[in-house]
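Novice: Dropping the structure in here first, questions after.
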Amino acid sequence: MFFQHIYDKSLAQASYFIGCQKAGVAAVIDAKRDVDTYLEIAKQNNMKITHIFETHIHADFLAGSRELAALTGADMYLSAEGGEGWEYEFPHKPLKDGDVVMVGNLKIEVMHTPGHTPESISFLLTDTPASDEPVMLFTGDFVFVGDIGRPDLLEKAAGMKGTQDVGAHQMFNSIKKFDALSDFIQVWPGHGAGSACGKALGAVPSTTVGYEKARNWAFRYENNEPGFVKYLLEGQPEPPKYFAMMKKLNKVDRPLLTEVPKLKQLNAAELKAALDKGIKLIDTRNKSEFSEGFIPGSINIQNNNSLSTWAGWFLTYEEPFILLAEESQLDELTRKLMRIGLDNIYGFVPSVKVWEETGGKLEKENRISLEEFKSLKESNGIQVVDLRGATEYESGHIAGADNVFVGTILNNLDKVSKDRKVVIHCQGGDRAAIGYSILAGKGYKNVVNFSSGINEWVNEGNPVVS
């Protein structure tokens with residue numbers, strides 16, 4: 001058996017390439033959209049991709065199953081569980097609980113494991129030449145390392161009322177299926193630490209059934225379904241705005257993107273014309289570089305592992321946008337964005353100098369130190385705005401601070417004063433940089449950024465309240 005774990009750090013998302021070396025055939029599970037990765041693995045190992053599997057209709061990334069099928073001719077094997085409203089709307093081979101699919105000598109058995117979503121399935125793999133016992137379980141968003149999938153996304157992100165309680169009870173029953181498996185089976189989940197698909201995912205890539213039975217919180221509620229449901233639903237982080245669109249695009253027939261696009265470089269005149277039309281500019285530079293001089297109206301979303309998530313909060317799927325980034329970073333940036341379906345890139349500019357060539361002036365961010373913040377806070381005339389998520393805020397915040405989550409700040413501008421001095425902060429500065437750029441673009445001149453945030457506040461021995 002050939003096995004390779006492919007991990008996208010930007011979305012904390014795992015996909016899998018498994019192959020039968022004797023037959024020269026392979027399968028991909030939960031493919032990301034830039035599928036050239038899998039084509040290269042197949043080429044290097046002299047294998048043909050013949051099977052494509054998905055564990056469920058994903059909310060956090062745009063699956064590349066259809067792109068991969070178009071390029072390889074492989075069949076897509078997708079869940080037929082979940083009932084009405086949970087059917088994939090394009091040709092595929094349907095899978096039900098207990099179905100078995102052979103990939104050469106590899107036996108893949110389907111387990112219906114609803115809870116995260118009604119149609120979720122897991123794949124139990126047996127390497128038949130080596131053993132009659134299964135060796136691996138691919139769980140998707142069912143069981144993670146140290147956590148389980150959240151059942152509230154359909155309700156919170158897609159507006160499907162009443163689904164989170166049903167999903168939580170389904171998850172309780174699915175856990176019993178997992179509990180019945182042999183302890184030695186390796187568990188390969190769909191996500192790792194940093195994903196918004198759970199509360200506290202572990203950082204290691206895999207685990208075993210036995211380890212999760214012993215250490216995962218979900219197995220401590222064996223005879224306490226109400227307690228399980230309560231703990232599962234409480235304290236879940238805000239689901240990113242783009243999740244609702246992913247649910248739709250992963251289910252319906254949609255245009256395919258079978259290669260990573262090349263971006264057009266805009267000259268000064270093209271940049272000015274685009275900005276005059278209201279096309280958004282995403283400045284992907286480091287927050288410190290951005291603070292020293294930025295193009296008015298631009299949004300600072302740094303090119304790090306969170307770029308696609310934050311872009312999904314502030315960009316729509318209908319509007320074009322421009323990237324400010326060095327040319328050497330464009331392939332990486334484009335891949336991160338296409339993985340959540342943000343393909344409508346109007347072009348790029350390599351630096352702020354292009355704006356200055358138009359005669360445009362740069363703005364500077366007003367940052368303050370901890371001592372400056374303390375001095376301002378003692379004046380009692382300011383508003384402190386904590387841009388972190390609600391769960392983070394409730395676990396400990398600066399006394400008197402208002403909570404406005406940065407992802408929803410455009411819908412909550414009325415909560416940020418235009419009359420008083422406003423100090424914004426987050427945990428360590430990244431979200432505050434986004435927030436400052438958003439507020440500056442909306443005409444706020446009274447905002448200063450305590451960029452080092454709660455981290456420095458606490459490290460210097462200052463109190464928080466919860």
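FYI, nothing fancy with the structure tokens labels: chains A, B, ... in order, residues from 1 per chain, ligands from 1 as they appear.
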Using DSSP on the backbone coordinates, identify the residues of region 169-291 of chain A assigned to strand (DSSP E); present them as a PyMOL selection string.

Specialist: chain A and resi 186-189+207-208+280-283

Novice: Skipping near chain neighbours, those fewer than 4 positions away, what residues fall within 10 Å of Gly429 (chain A) using only C-alpha atoms, listed as a list in words?

Specialist: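 That gives Lys287, Ser288, Leu387, Ile424, His425, Ala433, Ile434, Gly435, Asn449, Phe450, Ser451, Ser452, Gly453, Ile454 and Asn455 of chain A.
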
Novice: Generate the output file for the selected residues, N, CA and C atoms, as a PDB file, in the first residue's frame.

Specialist:
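selection_29.pdb, freshly written:
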ATOM      1  N   LYS A 287       2.012  43.235   8.804  1.00  0.00           N
ATOM      2  CA  LYS A 287       1.294  44.339   9.435  1.00  0.00           C
ATOM      3  C   LYS A 287       2.212  45.513   9.783  1.00  0.00           C
ATOM      4  N   SER A 288       3.477  45.251  10.124  1.00  0.00           N
ATOM      5  CA  SER A 288       4.408  46.327  10.455  1.00  0.00           C
ATOM      6  C   SER A 288       4.748  47.154   9.218  1.00  0.00           C
ATOM      7  N   LEU A 387     -11.223  43.210  19.534  1.00  0.00           N
ATOM      8  CA  LEU A 387     -11.631  42.658  18.242  1.00  0.00           C
ATOM      9  C   LEU A 387     -11.613  41.135  18.193  1.00  0.00           C
ATOM     10  N   ILE A 424      -8.179  50.139  19.604  1.00  0.00           N
ATOM     11  CA  ILE A 424      -8.528  48.775  19.219  1.00  0.00           C
ATOM     12  C   ILE A 424      -7.370  47.838  19.554  1.00  0.00           C
ATOM     13  N   HIS A 425      -7.699  46.578  19.817  1.00  0.00           N
ATOM     14  CA  HIS A 425      -6.661  45.576  20.052  1.00  0.00           C
ATOM     15  C   HIS A 425      -7.249  44.196  19.823  1.00  0.00           C
ATOM     16  N   ALA A 433      -4.708  44.789  12.974  1.00  0.00           N
ATOM     17  CA  ALA A 433      -4.255  45.394  11.713  1.00  0.00           C
ATOM     18  C   ALA A 433      -5.375  45.365  10.680  1.00  0.00           C
ATOM     19  N   ILE A 434      -6.098  44.248  10.612  1.00  0.00           N
ATOM     20  CA  ILE A 434      -7.257  44.175   9.717  1.00  0.00           C
ATOM     21  C   ILE A 434      -8.291  45.214  10.134  1.00  0.00           C
ATOM     22  N   GLY A 435      -8.610  45.235  11.439  1.00  0.00           N
ATOM     23  CA  GLY A 435      -9.623  46.160  11.935  1.00  0.00           C
ATOM     24  C   GLY A 435      -9.271  47.610  11.686  1.00  0.00           C
ATOM     25  N   ASN A 449      -4.177  51.957  17.411  1.00  0.00           N
ATOM     26  CA  ASN A 449      -4.029  50.510  17.499  1.00  0.00           C
ATOM     27  C   ASN A 449      -3.030  50.144  18.589  1.00  0.00           C
ATOM     28  N   PHE A 450      -3.538  49.526  19.673  1.00  0.00           N
ATOM     29  CA  PHE A 450      -2.664  48.935  20.686  1.00  0.00           C
ATOM     30  C   PHE A 450      -2.294  47.552  20.149  1.00  0.00           C
ATOM     31  N   SER A 451      -1.307  47.518  19.275  1.00  0.00           N
ATOM     32  CA  SER A 451      -1.045  46.355  18.434  1.00  0.00           C
ATOM     33  C   SER A 451      -0.599  45.125  19.212  1.00  0.00           C
ATOM     34  N   SER A 452       0.144  45.306  20.297  1.00  0.00           N
ATOM     35  CA  SER A 452       0.637  44.139  21.033  1.00  0.00           C
ATOM     36  C   SER A 452      -0.456  43.457  21.842  1.00  0.00           C
ATOM     37  N   GLY A 453      -1.580  44.145  22.053  1.00  0.00           N
ATOM     38  CA  GLY A 453      -2.816  43.537  22.525  1.00  0.00           C
ATOM     39  C   GLY A 453      -2.762  42.845  23.878  1.00  0.00           C
ATOM     40  N   ILE A 454      -3.699  41.905  24.036  1.00  0.00           N
ATOM     41  CA  ILE A 454      -3.855  41.190  25.299  1.00  0.00           C
ATOM     42  C   ILE A 454      -2.566  40.463  25.695  1.00  0.00           C
ATOM     43  N   ASN A 455      -1.827  39.980  24.705  1.00  0.00           N
ATOM     44  CA  ASN A 455      -0.595  39.254  25.035  1.00  0.00           C
ATOM     45  C   ASN A 455       0.330  40.096  25.911  1.00  0.00           C
TER      46      ASN A 455
END

Novice: Kindly indicate which residue among A:Leu376, A:Ile299, A:Leu62, A:Leu106 lies nearest to Ala244 (chain A), using only C-alpha atoms for the distances.

Specialist: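 Going through A:Leu376, A:Ile299, A:Leu62, A:Leu106 one by one, the smallest distance to Ala244 (chain A) is for A:Leu62.
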
Novice: Apply DSSP to the backbone of this structure and, from region 140-216 of chain A, keep only the residues in alpha helix (DSSP H); write these as a PyMOL selection string.

Specialist: chain A and resi 153-156+163-179+209-215

Novice: Rounded to one decimal place, report the CA of Leu370 (chain A)-CA of Asn303 (chain A) distance in Å.

Specialist: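 Atom-to-atom, CA of Leu370 (chain A) to CA of Asn303 (chain A), that is 26.2 Å.
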
Novice: Return the single residue from A:Gly24, A:Pro114, A:Gly159, A:Pro189 that is closest to Ala12 (chain A), with distances computed using only C-alpha atoms.

Specialist: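 Smallest distance to Ala12 (chain A) is found for A:Pro189.
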
Novice: Using only C-alpha atoms, which of the listed residues (A:Val145, A:Met171, A:Val25, A:Met160) sits closest to Val187 (chain A)?

Specialist: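 Counting only C-alpha atoms, the residue closest to Val187 (chain A) is A:Val145.
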
Novice: Taking only C-alpha atoms into account, name the residue in A:Asn286, A:Thr72, A:Ser298, A:Asn411 that is nearest to Tyr436 (chain A).

Specialist: A:Ser298

Novice: Which residues, written as an mmCIF file with C-alpha atoms, in the first residue's frame, have at least one atom at most 12 Å from region 255-259 of chain A, with only C-alpha atoms counted and residues fewer than 5 positions away on the same chain left out?

Specialist:
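Below you can see out.cif, which holds the result:
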data_model
loop_
_atom_site.group_PDB
_atom_site.id
_atom_site.type_symbol
_atom_site.label_atom_id
_atom_site.label_comp_id
_atom_site.auth_asym_id
_atom_site.auth_seq_id
_atom_site.Cartn_x
_atom_site.Cartn_y
_atom_site.Cartn_z
ATOM 1 C CA LYS A 32 -8.101 20.380 -2.133
ATOM 2 C CA ARG A 33 -8.836 22.455 -5.219
ATOM 3 C CA ASP A 34 -5.298 22.955 -6.522
ATOM 4 C CA VAL A 35 -5.132 19.344 -7.594
ATOM 5 C CA ASP A 36 -1.756 19.418 -9.347
ATOM 6 C CA THR A 37 -0.352 18.138 -6.034
ATOM 7 C CA LEU A 39 -1.258 14.544 -10.180
ATOM 8 C CA LEU A 62 -13.921 24.178 -1.917
ATOM 9 C CA ALA A 63 -13.254 20.539 -2.685
ATOM 10 C CA GLY A 64 -11.186 19.739 -5.764
ATOM 11 C CA SER A 65 -12.913 16.416 -6.434
ATOM 12 C CA ARG A 66 -14.559 17.614 -9.615
ATOM 13 C CA GLU A 67 -11.399 19.238 -10.963
ATOM 14 C CA LEU A 68 -9.470 16.045 -10.246
ATOM 15 C CA ALA A 69 -12.152 13.916 -11.905
ATOM 16 C CA ALA A 70 -12.117 16.150 -14.985
ATOM 17 C CA LEU A 71 -8.341 15.803 -15.335
ATOM 18 C CA THR A 72 -8.033 12.078 -14.576
ATOM 19 C CA PHE A 90 -23.731 16.400 -10.191
ATOM 20 C CA LEU A 249 -20.587 25.308 -4.100
ATOM 21 C CA ASN A 250 -19.556 21.854 -2.891
ATOM 22 C CA ASP A 331 1.346 31.367 -6.749
ATOM 23 C CA THR A 334 -3.642 32.359 -5.562
ATOM 24 C CA ARG A 335 -3.692 28.779 -4.281
ATOM 25 C CA MET A 338 -8.823 29.384 -4.891
ATOM 26 C CA ARG A 339 -9.099 26.791 -2.103
ATOM 27 C CA ILE A 340 -12.132 28.702 -0.843
ATOM 28 C CA GLY A 341 -13.366 29.660 -4.321
ATOM 29 C CA LEU A 342 -12.113 33.269 -4.378
ATOM 30 C CA ASP A 343 -11.096 33.204 -8.038
ATOM 31 C CA ASN A 344 -12.172 36.684 -9.125
#
